[in-house]
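File shown here: start-v6.txt, holding compact mmCIF, C-alpha atoms.
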# COMPACT_ATOMS: atom_id res chain seq x y z
CA MET A 1 -0.52 -27.40 -21.44
CA ILE A 2 -0.80 -29.27 -24.74
CA TYR A 3 -2.27 -26.17 -26.42
CA TYR A 4 0.47 -23.99 -25.01
CA VAL A 5 3.18 -26.29 -26.39
CA LEU A 6 1.37 -26.42 -29.75
CA VAL A 7 1.32 -22.61 -29.92
CA LEU A 8 5.01 -22.57 -29.00
CA VAL A 9 5.79 -25.02 -31.84
CA ALA A 10 3.67 -22.96 -34.27
CA GLY A 11 5.61 -19.85 -33.20
CA ILE A 12 8.91 -21.62 -33.84
CA LEU A 13 7.69 -22.62 -37.33
CA ILE A 14 6.84 -18.96 -38.07
CA ASP A 15 10.28 -17.79 -36.90
CA VAL A 16 12.32 -20.48 -38.69
CA LYS A 17 12.12 -18.46 -41.94
CA ASP A 18 13.52 -15.33 -40.28
CA LEU A 19 16.22 -17.33 -38.49
CA LYS A 20 17.27 -19.00 -41.76
CA GLU A 21 17.36 -15.67 -43.56
CA SER A 22 19.48 -13.98 -40.91
CA ASN A 23 21.97 -16.90 -40.69
CA ASN A 24 23.32 -15.37 -37.50
CA LYS A 25 24.61 -17.54 -34.66
CA SER A 26 23.71 -15.08 -31.89
CA ASP A 27 20.13 -14.88 -33.27
CA LEU A 28 19.75 -18.65 -32.95
CA ILE A 29 21.29 -18.87 -29.46
CA PHE A 30 19.16 -16.01 -28.15
CA TYR A 31 16.04 -17.46 -29.73
CA ILE A 32 16.65 -20.90 -28.18
CA LEU A 33 17.26 -19.33 -24.75
CA LEU A 34 14.03 -17.31 -24.94
CA THR A 35 12.05 -20.33 -26.13
CA ILE A 36 13.38 -22.44 -23.25
CA LEU A 37 12.38 -19.65 -20.86
CA ALA A 38 8.88 -19.52 -22.38
CA LEU A 39 8.55 -23.30 -22.11
CA GLY A 40 9.89 -23.29 -18.54
CA LEU A 41 7.42 -20.62 -17.46
CA GLY A 42 4.60 -22.57 -19.13
CA ILE A 43 5.53 -25.75 -17.28
CA TYR A 44 5.86 -23.81 -14.00
CA TYR A 45 2.35 -22.42 -14.40
CA TYR A 46 0.55 -25.53 -15.69
CA LEU A 47 2.03 -27.79 -12.96
CA ASP A 48 0.07 -25.81 -10.34
CA PRO A 49 -2.23 -23.12 -11.79
CA THR A 50 -3.61 -22.23 -8.33
CA ARG A 51 -0.35 -21.18 -6.71
CA GLN A 52 0.12 -17.67 -5.24
CA GLY A 53 0.54 -14.87 -7.79
CA ILE A 54 3.64 -12.65 -8.05
CA SER A 55 1.77 -9.54 -6.86
CA GLU A 56 0.30 -11.36 -3.82
CA TYR A 57 3.78 -12.61 -2.99
CA VAL A 58 5.32 -9.11 -3.28
CA ILE A 59 2.48 -7.46 -1.34
CA LYS A 60 2.95 -10.02 1.46
CA MET A 61 6.72 -9.53 1.40
CA LEU A 62 6.37 -5.73 1.71
CA ASN A 63 3.69 -6.05 4.42
CA MET A 64 1.17 -4.12 2.29
CA GLU A 65 -1.78 -6.45 2.94
CA GLY A 66 -3.74 -3.70 4.68
CA VAL A 67 -3.52 -1.32 1.70
CA MET B 1 12.77 10.44 -43.61
CA SER B 2 14.97 7.37 -43.94
CA LYS B 3 13.55 3.86 -44.10
CA ASN B 4 12.50 2.24 -40.82
CA LYS B 5 13.03 5.39 -38.77
CA ILE B 6 10.39 7.45 -37.03
CA SER B 7 10.24 11.08 -36.01
CA MET B 8 10.45 12.36 -32.45
CA PHE B 9 6.89 13.62 -32.81
CA GLN B 10 5.69 10.08 -33.54
CA VAL B 11 7.59 8.74 -30.51
CA THR B 12 5.98 11.47 -28.38
CA ALA B 13 2.58 10.52 -29.83
CA MET B 14 3.15 6.87 -28.84
CA PHE B 15 4.09 7.96 -25.34
CA MET B 16 1.19 10.43 -25.01
CA LEU B 17 -1.31 7.80 -26.12
CA LEU B 18 -0.21 5.34 -23.48
CA VAL B 19 0.09 7.90 -20.69
CA ILE B 20 -3.17 9.81 -21.25
CA ALA B 21 -5.38 6.81 -20.43
CA PRO B 22 -3.95 6.22 -16.91
CA ILE B 23 -3.76 10.00 -16.34
CA VAL B 24 -7.51 10.50 -16.83
CA ARG B 25 -8.53 7.07 -15.49
CA GLY B 26 -6.36 6.30 -12.47
CA PHE B 27 -4.72 9.59 -11.50
CA PRO B 28 -7.93 11.36 -10.29
CA VAL B 29 -8.68 8.50 -7.86
CA ARG B 30 -5.22 8.52 -6.30
CA ALA B 31 -4.84 12.31 -6.37
CA ALA B 32 -8.31 12.93 -4.88
CA GLY B 33 -7.48 10.52 -2.05
CA ILE B 34 -4.30 12.45 -1.24
CA GLY B 35 -5.04 16.04 -2.28
CA GLY B 36 -8.83 16.38 -1.93
CA LYS B 37 -10.10 19.57 -3.62
CA ALA B 38 -6.53 20.50 -4.60
CA ALA B 39 -5.95 17.27 -6.58
CA TRP B 40 -6.30 19.02 -9.94
CA VAL B 41 -3.50 21.46 -8.99
CA ALA B 42 -1.21 18.46 -8.35
CA ALA B 43 -1.30 17.54 -12.04
CA LEU B 44 -0.21 21.08 -12.96
CA VAL B 45 2.55 21.06 -10.32
CA SER B 46 3.88 17.79 -11.76
CA ILE B 47 4.77 19.65 -14.98
CA ILE B 48 7.97 20.89 -13.29
CA PRO B 49 9.47 17.47 -12.40
CA ASN B 50 8.21 16.18 -15.76
CA ILE B 51 10.23 18.86 -17.57
CA LEU B 52 13.23 17.87 -15.44
CA ILE B 53 12.87 14.27 -16.68
CA VAL B 54 12.80 15.55 -20.27
CA LEU B 55 15.93 17.66 -19.72
CA ILE B 56 17.81 14.70 -18.19
CA VAL B 57 16.81 12.47 -21.10
CA HIS B 58 17.69 15.19 -23.64
CA ASN B 59 21.14 15.62 -22.12
CA LEU B 60 21.79 11.88 -21.97
CA MET B 61 20.69 11.28 -25.55
CA ASN B 62 22.24 14.32 -27.22
CA ASN B 63 25.17 15.50 -25.16
CA VAL B 64 26.86 12.36 -23.78
CA LYS B 65 29.95 11.65 -25.91
CA ARG B 66 32.28 8.70 -25.71
CA LYS B 67 36.01 9.34 -25.69
CA ASP B 68 36.51 6.99 -28.67
CA GLY B 69 33.99 9.03 -30.66
CA LYS B 70 31.48 6.18 -31.09
CA ILE B 71 27.93 7.46 -31.63
CA LEU B 72 25.47 6.66 -28.85
CA GLU B 73 22.17 5.83 -30.49
CA SER B 74 19.91 4.50 -27.76
CA LEU B 75 19.64 4.70 -23.99
CA THR B 76 21.22 1.23 -23.79
CA ASP B 77 24.38 2.64 -25.45
CA VAL B 78 24.32 5.61 -23.07
CA PHE B 79 24.18 3.32 -20.00
CA ASP B 80 27.04 1.25 -21.44
CA ALA B 81 29.14 4.36 -22.01
CA VAL B 82 28.40 5.94 -18.64
CA PHE B 83 28.42 2.93 -16.30
CA GLY B 84 30.64 0.55 -18.26
CA LYS B 85 29.79 -2.65 -20.14
CA VAL B 86 29.06 -4.85 -17.09
CA ILE B 87 26.69 -2.50 -15.24
CA GLY B 88 25.21 -1.41 -18.59
CA SER B 89 24.38 -5.02 -19.46
CA ILE B 90 22.90 -5.70 -16.01
CA LEU B 91 20.75 -2.57 -16.38
CA ALA B 92 19.63 -3.70 -19.84
CA VAL B 93 18.46 -7.06 -18.42
CA VAL B 94 16.70 -5.32 -15.52
CA TYR B 95 14.92 -2.93 -17.91
CA VAL B 96 13.84 -5.80 -20.22
CA VAL B 97 12.46 -7.75 -17.24
CA TRP B 98 10.65 -4.66 -15.94
CA LEU B 99 9.19 -3.77 -19.35
CA ILE B 100 7.87 -7.31 -19.89
CA LEU B 101 6.50 -7.48 -16.34
CA TRP B 102 4.81 -4.11 -16.76
CA ALA B 103 3.34 -5.21 -20.10
CA ALA B 104 1.99 -8.31 -18.33
CA ILE B 105 0.39 -6.15 -15.62
CA GLU B 106 -1.11 -3.77 -18.20
CA ILE B 107 -2.60 -6.48 -20.39
CA ARG B 108 -4.04 -8.33 -17.39
CA LEU B 109 -5.56 -5.08 -16.07
CA VAL B 110 -7.22 -4.42 -19.45
CA ALA B 111 -8.59 -7.95 -19.60
CA GLU B 112 -9.88 -7.79 -16.02
CA ARG B 113 -11.40 -4.34 -16.62
CA LEU B 114 -13.26 -5.56 -19.69
CA THR B 115 -14.48 -8.62 -17.80
CA SER B 116 -15.67 -6.61 -14.81
CA THR B 117 -17.31 -3.72 -16.69
CA MET B 118 -18.73 -5.09 -19.94
CA LEU B 119 -18.58 -8.83 -20.55
CA ILE B 120 -18.87 -10.30 -17.08
CA TYR B 121 -19.44 -13.90 -18.20
CA THR B 122 -16.37 -13.98 -20.46
CA PRO B 123 -13.16 -15.38 -18.95
CA TYR B 124 -10.36 -12.79 -18.85
CA ARG B 125 -8.08 -15.17 -20.75
CA PHE B 126 -10.22 -14.70 -23.84
CA PHE B 127 -9.27 -10.99 -23.90
CA LEU B 128 -5.65 -11.81 -23.07
CA ILE B 129 -5.31 -14.15 -26.04
CA THR B 130 -7.20 -11.86 -28.43
CA MET B 131 -5.07 -8.85 -27.55
CA LEU B 132 -1.82 -10.81 -27.62
CA ILE B 133 -2.58 -12.05 -31.14
CA VAL B 134 -3.20 -8.49 -32.39
CA ILE B 135 -0.12 -7.15 -30.56
CA PHE B 136 1.98 -10.01 -31.99
CA PHE B 137 1.32 -8.92 -35.60
CA PHE B 138 1.52 -5.24 -34.69
CA VAL B 139 4.93 -5.46 -32.98
CA ARG B 140 6.40 -7.72 -35.68
CA GLY B 141 5.49 -5.12 -38.27
CA ASN B 142 7.30 -2.00 -39.38
CA ILE B 143 7.90 0.61 -36.68
CA LYS B 144 6.91 3.35 -39.14
CA SER B 145 3.32 2.14 -39.34
CA TYR B 146 3.27 2.04 -35.53
CA GLY B 147 4.39 5.68 -35.44
CA ARG B 148 1.79 6.80 -37.98
CA PHE B 149 -0.97 4.92 -36.16
CA ALA B 150 0.00 6.68 -32.90
CA GLU B 151 0.01 10.07 -34.65
CA VAL B 152 -3.51 9.61 -36.05
CA MET B 153 -4.92 8.12 -32.84
CA LEU B 154 -3.50 10.95 -30.72
CA GLU B 155 -5.22 13.54 -32.87
CA LEU B 156 -8.55 11.68 -32.61
CA PHE B 157 -8.06 11.20 -28.88
CA GLY B 158 -7.40 14.94 -28.47
CA LEU B 159 -10.57 15.85 -30.37
CA VAL B 160 -12.70 13.49 -28.25
CA LEU B 161 -11.17 14.91 -25.06
CA VAL B 162 -11.89 18.51 -26.11
CA PHE B 163 -15.48 17.55 -27.00
CA ILE B 164 -15.93 15.87 -23.60
CA CYS B 165 -14.52 18.90 -21.77
CA PHE B 166 -17.07 21.24 -23.37
CA THR B 167 -20.08 18.96 -22.95
CA VAL B 168 -19.31 18.14 -19.32
CA LEU B 169 -18.71 21.78 -18.30
CA PRO B 170 -22.29 22.60 -17.09
CA ASN B 171 -22.17 19.69 -14.61
CA ILE B 172 -19.03 20.85 -12.80
CA GLU B 173 -19.56 22.44 -9.39
CA ILE B 174 -16.89 25.00 -8.51
CA LYS B 175 -17.34 24.41 -4.76
CA ASN B 176 -15.81 20.94 -5.28
CA LEU B 177 -12.63 22.45 -6.75
CA TRP B 178 -12.15 25.61 -4.72
CA PRO B 179 -10.74 26.92 -2.37
CA VAL B 180 -7.20 25.66 -2.67
CA THR B 181 -5.00 27.18 0.04
CA THR B 182 -1.34 27.11 1.04
CA TYR B 183 -2.27 24.45 3.64
CA ASP B 184 -2.75 22.04 0.70
CA THR B 185 0.88 22.39 -0.45
CA LYS B 186 2.10 19.15 1.16
CA ASN B 187 -0.80 17.11 -0.24
CA ILE B 188 -0.42 18.69 -3.69
CA LEU B 189 3.27 17.75 -3.77
CA LEU B 190 2.50 14.21 -2.62
CA ALA B 191 -0.27 13.77 -5.19
CA SER B 192 1.93 15.17 -7.97
CA THR B 193 4.33 12.22 -7.57
CA GLN B 194 1.55 10.03 -9.02
CA SER B 195 1.60 12.01 -12.26
CA THR B 196 5.41 12.20 -12.32
CA GLY B 197 5.56 8.41 -11.87
CA LEU B 198 3.49 7.99 -15.00
CA PHE B 199 5.43 10.59 -16.96
CA SER B 200 8.78 8.94 -16.12
CA ILE B 201 7.78 6.29 -18.69
CA PHE B 202 8.96 8.90 -21.22
CA THR B 203 12.54 7.80 -20.52
CA PHE B 204 11.77 4.29 -21.82
CA SER B 205 11.03 5.76 -25.27
CA MET B 206 14.75 6.33 -25.69
CA PHE B 207 15.40 2.60 -25.83
CA ILE B 208 14.37 2.90 -29.48
CA GLY B 209 16.72 5.87 -29.89
CA ASN B 210 18.41 4.11 -32.84
CA LYS B 211 15.05 4.27 -34.67
CA ILE B 212 14.49 7.97 -34.02
CA GLU B 213 15.48 10.29 -36.82
CA ASP B 214 15.57 13.67 -35.05
CA LYS B 215 16.77 13.10 -31.49
CA GLU B 216 17.74 16.76 -31.19
CA LYS B 217 14.01 17.52 -30.88
CA ILE B 218 13.63 15.52 -27.63
CA LYS B 219 13.58 18.74 -25.61
CA LYS B 220 11.00 20.46 -27.81
CA PHE B 221 8.49 17.59 -28.02
CA GLY B 222 9.29 16.30 -24.53
CA ILE B 223 8.48 19.63 -22.88
CA GLY B 224 5.30 19.77 -24.99
CA ALA B 225 4.37 16.28 -23.73
CA ALA B 226 5.15 17.28 -20.12
CA ILE B 227 2.85 20.31 -20.33
CA ALA B 228 0.13 18.37 -22.18
CA THR B 229 0.24 15.55 -19.60
CA GLY B 230 -0.08 18.04 -16.74
CA VAL B 231 -2.94 19.94 -18.39
CA VAL B 232 -4.85 16.78 -19.39
CA GLY B 233 -4.35 15.38 -15.86
CA ALA B 234 -5.66 18.63 -14.36
CA ILE B 235 -8.68 18.68 -16.69
CA GLY B 236 -9.49 14.99 -16.10
CA THR B 237 -9.23 15.45 -12.33
CA ALA B 238 -11.19 18.72 -12.36
CA ILE B 239 -14.00 17.08 -14.36
CA THR B 240 -14.33 14.08 -12.04
CA ILE B 241 -13.89 16.00 -8.78
CA GLY B 242 -16.03 18.87 -10.04
CA ILE B 243 -18.92 16.51 -10.76
CA PHE B 244 -18.69 14.05 -7.86
CA SER B 245 -16.60 15.74 -5.09
CA PRO B 246 -13.14 14.50 -4.00
CA GLU B 247 -14.49 12.08 -1.35
CA VAL B 248 -16.66 10.25 -3.87
CA VAL B 249 -13.94 10.19 -6.56
CA ALA B 250 -11.43 8.66 -4.10
CA SER B 251 -13.83 5.78 -3.49
CA LEU B 252 -14.78 5.12 -7.13
CA SER B 253 -12.78 2.78 -9.33
CA GLN B 254 -13.64 4.45 -12.67
CA PRO B 255 -14.69 8.06 -11.89
CA PHE B 256 -13.99 9.46 -15.37
CA PHE B 257 -16.11 6.71 -16.91
CA MET B 258 -18.93 7.59 -14.48
CA ALA B 259 -18.53 11.29 -15.32
CA LEU B 260 -18.98 10.53 -19.01
CA LYS B 261 -22.32 8.92 -18.25
CA VAL B 262 -23.77 12.29 -17.17
CA ILE B 263 -23.05 13.86 -20.56
CA ASN B 264 -26.25 14.83 -22.32
CA VAL B 265 -26.09 17.32 -25.18
CA PHE B 266 -29.56 18.93 -25.55
CA GLY B 267 -31.17 15.54 -24.97
CA VAL B 268 -29.91 14.39 -28.39
CA LEU B 269 -26.46 12.97 -27.67
CA GLU B 270 -25.93 10.75 -24.63
CA ARG B 271 -24.22 7.51 -23.56
CA ILE B 272 -21.02 8.56 -25.33
CA GLU B 273 -18.83 6.60 -22.89
CA ALA B 274 -18.63 3.81 -25.50
CA ILE B 275 -16.48 6.10 -27.70
CA PHE B 276 -14.12 6.62 -24.81
CA ILE B 277 -13.91 2.91 -23.99
CA THR B 278 -12.75 2.33 -27.56
CA PHE B 279 -9.96 4.86 -27.06
CA TRP B 280 -9.02 3.33 -23.72
CA ILE B 281 -8.65 -0.08 -25.29
CA VAL B 282 -6.50 1.41 -28.07
CA ALA B 283 -4.39 3.27 -25.47
CA ASP B 284 -3.87 0.12 -23.39
CA PHE B 285 -3.06 -1.82 -26.53
CA MET B 286 -0.48 0.85 -27.38
CA ALA B 287 1.00 0.62 -23.88
CA VAL B 288 1.60 -3.13 -24.17
CA SER B 289 2.96 -2.82 -27.73
CA TYR B 290 5.23 0.00 -26.56
CA CYS B 291 6.73 -2.16 -23.78
CA ILE B 292 7.31 -5.08 -26.15
CA LEU B 293 8.82 -2.77 -28.77
CA MET B 294 11.27 -1.34 -26.23
CA ALA B 295 12.13 -4.76 -24.74
CA THR B 296 12.77 -6.36 -28.15
CA ASN B 297 14.89 -3.40 -29.24
CA ILE B 298 17.05 -3.63 -26.08
CA CYS B 299 17.51 -7.37 -26.82
CA LYS B 300 18.46 -6.55 -30.42
CA ILE B 301 21.09 -3.98 -29.43
CA LYS B 302 22.60 -5.87 -26.50
CA CYS B 303 22.71 -9.31 -28.12
CA LYS B 304 23.67 -7.92 -31.56
CA LEU B 305 20.70 -9.61 -33.21
CA SER B 306 20.14 -9.10 -36.92
CA ASN B 307 16.36 -8.81 -36.57
CA ARG B 308 14.11 -7.65 -33.72
CA ARG B 309 11.22 -9.78 -35.05
CA ILE B 310 12.67 -13.13 -33.94
CA THR B 311 12.34 -12.22 -30.26
CA VAL B 312 8.63 -11.39 -30.51
CA THR B 313 7.10 -14.92 -30.47
CA PRO B 314 8.84 -16.22 -27.32
CA ILE B 315 8.35 -12.87 -25.56
CA MET B 316 4.60 -12.96 -26.33
CA LEU B 317 4.36 -16.46 -24.84
CA ILE B 318 6.31 -15.37 -21.76
CA LEU B 319 3.94 -12.40 -21.55
CA TYR B 320 0.88 -14.65 -21.67
CA ILE B 321 2.08 -16.82 -18.78
CA LEU B 322 3.34 -13.82 -16.79
CA SER B 323 0.01 -12.02 -17.17
CA ILE B 324 -1.70 -15.03 -15.59
CA ILE B 325 0.77 -15.69 -12.78
CA ILE B 326 1.16 -11.99 -11.95
CA ALA B 327 -1.92 -12.12 -9.71
CA ASN B 328 -4.73 -14.38 -8.60
CA SER B 329 -7.14 -11.56 -7.87
CA TYR B 330 -7.98 -8.23 -9.52
CA PHE B 331 -7.68 -6.46 -6.16
CA SER B 332 -4.05 -7.45 -5.54
CA LEU B 333 -3.26 -6.57 -9.15
CA GLN B 334 -4.67 -3.06 -8.65
CA VAL B 335 -2.68 -2.57 -5.43
CA PHE B 336 0.47 -3.83 -7.14
CA SER B 337 -0.11 -1.63 -10.18
CA ALA B 338 -0.92 1.55 -8.23
CA ASP B 339 1.55 1.35 -5.35
CA ILE B 340 4.51 -0.70 -6.53
CA CYS B 341 4.52 -0.03 -10.29
CA LEU B 342 4.49 3.75 -9.90
CA THR B 343 7.43 3.62 -7.49
CA LEU B 344 9.35 1.36 -9.87
CA HIS B 345 8.53 3.68 -12.80
CA LEU B 346 10.09 6.52 -10.79
CA VAL B 347 13.17 4.39 -10.09
CA PHE B 348 13.63 3.25 -13.71
CA GLY B 349 12.40 6.38 -15.44
CA LEU B 350 13.81 9.10 -13.19
CA LEU B 351 16.28 7.85 -10.58
CA ILE B 352 18.54 5.67 -12.78
CA PRO B 353 18.74 8.22 -15.65
CA PHE B 354 19.45 10.94 -13.07
CA ILE B 355 22.30 8.85 -11.59
CA ALA B 356 23.56 8.27 -15.16
CA TYR B 357 23.51 12.04 -15.76
CA ILE B 358 25.44 12.75 -12.53
CA VAL B 359 28.02 10.04 -13.34
CA ALA B 360 28.37 11.36 -16.91
CA ARG B 361 28.98 14.86 -15.57
CA GLY B 362 31.49 13.50 -13.05
CA ARG B 363 33.33 11.70 -15.85
CA LYS B 364 33.19 14.84 -18.04
CA MET B 365 31.27 12.98 -20.75
CA ILE B 366 28.67 15.67 -21.33
CA VAL B 367 29.69 17.86 -24.22
CA THR B 368 27.42 20.81 -25.02
CA LYS B 369 27.85 23.68 -27.49
CA GLU B 370 29.46 25.66 -24.67
CA GLY B 371 32.02 22.91 -24.04
CA THR B 372 32.50 19.94 -21.69
CA ILE B 373 30.58 20.06 -18.38
Starting from the file, give its structure as structure tokens.
Amino acid sequence: MIYYVLVLVAGILIDVKDLKESNNKSDLIFYILLTILALGLGIYYYLDPTRQGISEYVIKMLNMEGV
Amino acid sequence: MSKNKISMFQVTAMFMLLVIAPIVRGFPVRAAGIGGKAAWVAALVSIIPNILIVLIVHNLMNNVKRKDGKILESLTDVFDAVFGKVIGSILAVVYVVWLILWAAIEIRLVAERLTSTMLIYTPYRFFLITMLIVIFFFVRGNIKSYGRFAEVMLELFGLVLVFICFTVLPNIEIKNLWPVTTYDTKNILLASTQSTGLFSIFTFSMFIGNKIEDKEKIKKFGIGAAIATGVVGAIGTAITIGIFSPEVVASLSQPFFMALKVINVFGVLERIEAIFITFWIVADFMAVSYCILMATNICKIKCKLSNRRITVTPIMLILYILSIIIANSYFSLQVFSADICLTLHLVFGLLIPFIAYIVARGRKMIVTKEGTI
């Protein structure tokens, strides 16, 4: 989890230059939203890495286990 | 050619590169299971619905006109014009989610494939991270270099494929491919949906419509791609079925790869499957980059961003986590990819654009040289 957050911070540092150059409010808002989503997904995964995968969940939901 | 724009041929090359790999790798397995000896005909039959997809896309991109005269540059603009802002925005979000999810599936499949076939003691995450780093720099770069790379790779890929076809010819047994009778019609039609599902990805290319210089050539290059996809699919299937028989191909996971192993040119040249693995990796890498390129461009257009590049870092991190949580096992990932992904490709690549075309016609938004239809 620590490494993931570190990569996220490194990514933000790379993008700061582009964000400063563009000086666009919608750029910043969209970037923050996406970063929060990335962080949220990371936390979701690292809290329980063994939980059921999306495909297993969908296959179960569609009753395709015998395929 | 203006700066930061690519030609329709380059877009077609990008698409062909990403679609050829699954056509020769996965299609024979699925088609042989459904169509048996007639599986190779299914790829040829799929040319007809593939051309229909091209014609729908061509009409949407070139003939849909807004009443206020605003130019529609990408498929996102077309959906906005046809369905209205609200439904258009919802569709844009759905397409972005699907493209990222599909990219996650593709990259995980590549990583798992490499782990299971070549480097069995290497964790799949090593390949995930390595590929994501390369894709990160590739997608952040100029789209023109992407287009040129696809152009060159497609030519090389074509040459390798032609070489393989000739060298593998003596090993093909005609009794595995013939007879094909009228009783096979139902199975041929069913198997052809597999190829059409893959070809419907062509529609997604139009999400970078604002970067395409000559959109009027969609029909010309699209029909070329449809025919090429059908022919390559038929050749790939005929090679695998011709060598192993349909029953064996349906039970193998990588029949084309196994077929390459039998190639022996006068006892001098053999074990050439390594060349093909290199191309497969490039093709899969192109597929993931393609999805990210389309997704970031939709975000740029819909959210009025000044630069597509800023979305790449968070999307790559989302992609990394998604590619892990998409599946716990390779088996469920394969089932998901083969059964559910193809259906969703048909929905997003054929059904929704077809509905858009019908609605546009109903609203008299399609203006051709002959007049409004």
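Residues in contact range of Phe285 of chain B, defined as at most 9 Å between only C-alpha atoms, with sequence neighbours fewer than 4 positions away removed, read Leu18, Glu106, Ile107, Val110, Met131, Val134, Ile135, Trp280, Ile281, Ser289 and Tyr290 of chain B.
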For chain B against chain A, which residues fall within 10 Å using all atoms listed in the file, given as a ChimeraX atom specification? /B:105,299-300,303-329,331-337,339-340
Need to verify the contact set: Ile53 of chain B, 9 Å, only C-alpha atoms, exclusion of same-chain residues closer than 2 positions in sequence. Can you return it as a PyMOL selection string? chain B and resi 48-51+55-58+196+199-200+202-203+222+226+349-350+353-354
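Pairwise distance (atom CA of Phe244 of chain B, atom CA of Lys261 of chain B) equals 12.1 Å.
A straight line drawn from atom CA of Val168 of chain B to atom CA of Phe257 of chain B is 12.1 Å long.
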Quick check, in Å to one decimal: how far apart do atom CA of Ala42 of chain B and atom CA of Lys219 of chain B lie? 22.7 Å
I need every residue sitting at most 9 Å from the point (-3.4, 13.7, -4.5) (coordinates as in the file, all atoms listed in the file considered), written as a ChimeraX atom specification. /B:27-43,187-194
Which is closest to Arg25 of chain B among B:Met258, B:Leu351, B:Val282, B:Leu346, if we use only C-alpha atoms? B:Met258
I'd like the contact shell of Tyr357 of chain B - 9 Å cut-off, only C-alpha atoms, skipping same-chain residues fewer than 6 positions apart - returned as a list in words. Ile56, Val57, Asn59, Leu60, Val64, Val82 and Ile366 of chain B
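Comparing the minimum interatomic distances between Trp102 of chain B and each of B:Val24, B:Ile201, B:Ile358, B:Val262, counting only C-alpha atoms, we find that B:Ile201 sits nearest.
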Axis-aligned box over every listed atom of segment 6-18 of chain A, padded by 5 Å per side: centre and edges in Å to one decimal, as AutoDock Vina command-line options?
--center_x 7.4 --center_y -20.9 --center_z -35.5 --size_x 22.2 --size_y 21.1 --size_z 22.9
Once N, CA and C atoms are restored for segment 225-240 of chain B, what would the output be as a PDB file, in the frame of the given file?
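Output file part-v3.pdb follows:
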ATOM      1  N   ALA B 225       5.068  17.439 -24.328  1.00  0.00           N
ATOM      2  CA  ALA B 225       4.370  16.280 -23.730  1.00  0.00           C
ATOM      3  C   ALA B 225       4.189  16.478 -22.236  1.00  0.00           C
ATOM      4  N   ALA B 226       5.227  17.053 -21.574  1.00  0.00           N
ATOM      5  CA  ALA B 226       5.150  17.280 -20.120  1.00  0.00           C
ATOM      6  C   ALA B 226       4.004  18.236 -19.789  1.00  0.00           C
ATOM      7  N   ILE B 227       3.922  19.317 -20.574  1.00  0.00           N
ATOM      8  CA  ILE B 227       2.850  20.310 -20.330  1.00  0.00           C
ATOM      9  C   ILE B 227       1.494  19.682 -20.648  1.00  0.00           C
ATOM     10  N   ALA B 228       1.410  18.975 -21.782  1.00  0.00           N
ATOM     11  CA  ALA B 228       0.130  18.370 -22.180  1.00  0.00           C
ATOM     12  C   ALA B 228      -0.336  17.353 -21.129  1.00  0.00           C
ATOM     13  N   THR B 229       0.602  16.543 -20.609  1.00  0.00           N
ATOM     14  CA  THR B 229       0.240  15.550 -19.600  1.00  0.00           C
ATOM     15  C   THR B 229      -0.319  16.225 -18.349  1.00  0.00           C
ATOM     16  N   GLY B 230       0.373  17.300 -17.923  1.00  0.00           N
ATOM     17  CA  GLY B 230      -0.080  18.040 -16.740  1.00  0.00           C
ATOM     18  C   GLY B 230      -1.460  18.650 -16.946  1.00  0.00           C
ATOM     19  N   VAL B 231      -1.660  19.273 -18.112  1.00  0.00           N
ATOM     20  CA  VAL B 231      -2.940  19.940 -18.390  1.00  0.00           C
ATOM     21  C   VAL B 231      -4.068  18.905 -18.500  1.00  0.00           C
ATOM     22  N   VAL B 232      -3.815  17.819 -19.233  1.00  0.00           N
ATOM     23  CA  VAL B 232      -4.850  16.780 -19.390  1.00  0.00           C
ATOM     24  C   VAL B 232      -5.183  16.163 -18.017  1.00  0.00           C
ATOM     25  N   GLY B 233      -4.127  15.929 -17.208  1.00  0.00           N
ATOM     26  CA  GLY B 233      -4.350  15.380 -15.860  1.00  0.00           C
ATOM     27  C   GLY B 233      -5.204  16.316 -15.026  1.00  0.00           C
ATOM     28  N   ALA B 234      -4.896  17.630 -15.128  1.00  0.00           N
ATOM     29  CA  ALA B 234      -5.660  18.630 -14.360  1.00  0.00           C
ATOM     30  C   ALA B 234      -7.117  18.676 -14.831  1.00  0.00           C
ATOM     31  N   ILE B 235      -7.316  18.637 -16.157  1.00  0.00           N
ATOM     32  CA  ILE B 235      -8.680  18.680 -16.690  1.00  0.00           C
ATOM     33  C   ILE B 235      -9.467  17.423 -16.281  1.00  0.00           C
ATOM     34  N   GLY B 236      -8.829  16.261 -16.457  1.00  0.00           N
ATOM     35  CA  GLY B 236      -9.490  14.990 -16.100  1.00  0.00           C
ATOM     36  C   GLY B 236      -9.874  14.965 -14.625  1.00  0.00           C
ATOM     37  N   THR B 237      -8.960  15.434 -13.772  1.00  0.00           N
ATOM     38  CA  THR B 237      -9.230  15.450 -12.330  1.00  0.00           C
ATOM     39  C   THR B 237     -10.299  16.478 -11.991  1.00  0.00           C
ATOM     40  N   ALA B 238     -10.198  17.672 -12.637  1.00  0.00           N
ATOM     41  CA  ALA B 238     -11.190  18.720 -12.360  1.00  0.00           C
ATOM     42  C   ALA B 238     -12.593  18.266 -12.780  1.00  0.00           C
ATOM     43  N   ILE B 239     -12.685  17.564 -13.897  1.00  0.00           N
ATOM     44  CA  ILE B 239     -14.000  17.080 -14.360  1.00  0.00           C
ATOM     45  C   ILE B 239     -14.597  16.112 -13.341  1.00  0.00           C
ATOM     46  N   THR B 240     -13.806  15.113 -12.944  1.00  0.00           N
ATOM     47  CA  THR B 240     -14.330  14.080 -12.040  1.00  0.00           C
ATOM     48  C   THR B 240     -14.636  14.649 -10.651  1.00  0.00           C
TER      49      THR B 240
END
